[in-house]
Amino acid sequence: MDISSLVNSEDLFELQLLHPATEEPLGISFMIRSAESNEVKKIVRQHSDRFLASRKKKLTTSKVEAEYLDKAAAAIASWSWGEQQWKGEQPLLSFEKAREVVEDAGWIYDQVAGASEDRANFMKSLPKGFQKP
């Protein structure tokens with residue numbers, strides 16, 4: 001078996017947002033990029049480049065937090081809010097709006113980051129007899 005194509009980090013994973021307390025589906029779906037996708041890596045590289053370019057500045061927890069939030073925002077390729085709203089509106093996807101959502105709602109951040117980091121979400125089906133890790 002050729003294992004070079006087991007994981008496709010450019011595939012998208014459909015995340016159905018769950019209520020943070022009941023874990024019931026909310027009718028909101030996000031299409032999630034892998035943390036290993038080119039689009040997400042681009043954000044990580046931008047943060048690294050800024051840090052390396054300014055060696056006189058110290059890395060702070062707020063800078064690390066900003067990188068995690070930006071990475072999660074970049075992982076959202078598209079979304080459908082169904083009948084739900086965000087701050088009284090049906091939000092249009094932009095990096096800035098995605099960043100606002102994951103920053104203001106930690107429970108959404110957790111679901112987005114978790115889905116993006118879970119490599120199994122981006123694996124091809126394995127032949128019978130093989131198990132996913």
# chains A, B, ... in the order shown; residues from 1 in each chain; ligands from 1
>>> select_by_dssp(residues="chain A", states="alpha helix (DSSP H)", output="ChimeraX atom specification")
/A:38-53,61-75,95-104,106-117
>>> residues_around(residues="segment 79-82 of chain A", least_positions_apart="6", cutoff="12 Å", atoms="only C-alpha atoms", output="NGL selection string")
:A and (12-17 or 25-33 or 73 or 88-95 or 97-98 or 101 or 112)
>>> closest_atom_pairs(of="segment 27-48 of chain A", to="segment 59-69 of chain A", cutoff="12 Å", atoms="only C-alpha atoms", output="CSV")
residue,atom,partner,partner_atom,distance
A:Ala35,CA,A:Tyr68,CA,10.8
A:Val40,CA,A:Tyr68,CA,10.6
A:Lys41,CA,A:Glu67,CA,11.2
A:Lys42,CA,A:Glu67,CA,11.5
A:Ile43,CA,A:Glu67,CA,7.9
A:Val44,CA,A:Glu67,CA,7.0
A:Arg45,CA,A:Glu67,CA,10.0
A:Gln46,CA,A:Glu67,CA,9.3
A:His47,CA,A:Glu67,CA,6.6
A:Ser48,CA,A:Glu67,CA,9.2
>>> write_last_selection(atoms="C-alpha atoms", output="mmCIF file, in the first residue's frame")
data_model
loop_
_atom_site.group_PDB
_atom_site.id
_atom_site.type_symbol
_atom_site.label_atom_id
_atom_site.label_comp_id
_atom_site.auth_asym_id
_atom_site.auth_seq_id
_atom_site.Cartn_x
_atom_site.Cartn_y
_atom_site.Cartn_z
ATOM 1 C CA ALA A 35 -3.769 22.518 10.627
ATOM 2 C CA VAL A 40 -3.175 27.564 7.904
ATOM 3 C CA LYS A 41 0.600 27.164 7.626
ATOM 4 C CA LYS A 42 0.727 30.569 5.921
ATOM 5 C CA ILE A 43 -0.668 32.198 9.093
ATOM 6 C CA VAL A 44 1.764 30.300 11.325
ATOM 7 C CA ARG A 45 4.668 31.395 9.112
ATOM 8 C CA GLN A 46 3.548 35.030 9.250
ATOM 9 C CA HIS A 47 3.628 34.921 13.047
ATOM 10 C CA SER A 48 7.015 33.202 13.055
#
>>> select_by_dssp(residues="segment 9-128 of chain A", states="strand (DSSP E)", output="list in words")
Leu12, Phe13, Glu14, Leu15, Gln16, Leu17, Leu18, Pro25, Leu26, Gly27, Ile28, Ser29, Phe30, Met31, Ile32, Arg33, Ile76, Ala77, Ser78, Trp79 and Ser80 of chain A
>>> atom_distance(atom1="atom CA of Trp86 of chain A", atom2="atom CA of Glu103 of chain A")
12.9 Å
>>> residues_around(residues="segment 8-11 of chain A", least_positions_apart="4", cutoff="6 Å", atoms="only C-alpha atoms", output="ChimeraX atom specification")
/A:34,36-37,122
>>> write_last_selection(atoms="N, CA and C atoms", output="PDB file, in the first residue's frame")
ATOM      1  N   SER A  34      -7.316  21.509   7.506  1.00  0.00           N
ATOM      2  CA  SER A  34      -6.337  20.858   8.376  1.00  0.00           C
ATOM      3  C   SER A  34      -5.324  21.880   8.879  1.00  0.00           C
ATOM      4  N   GLU A  36      -2.449  21.351   8.961  1.00  0.00           N
ATOM      5  CA  GLU A  36      -1.297  21.128   8.088  1.00  0.00           C
ATOM      6  C   GLU A  36      -1.531  21.652   6.668  1.00  0.00           C
ATOM      7  N   SER A  37      -2.657  22.327   6.452  1.00  0.00           N
ATOM      8  CA  SER A  37      -2.958  22.856   5.113  1.00  0.00           C
ATOM      9  C   SER A  37      -2.083  24.073   4.822  1.00  0.00           C
ATOM     10  N   PHE A 122      -8.813  14.079   8.098  1.00  0.00           N
ATOM     11  CA  PHE A 122      -8.311  14.355   6.756  1.00  0.00           C
ATOM     12  C   PHE A 122      -7.673  13.118   6.124  1.00  0.00           C
TER      13      PHE A 122
END
>>> closest_residue(among="A:Phe51, A:Glu24, A:Ser78, A:Leu18", to="Asp110 of chain A", atoms="only C-alpha atoms")
A:Leu18
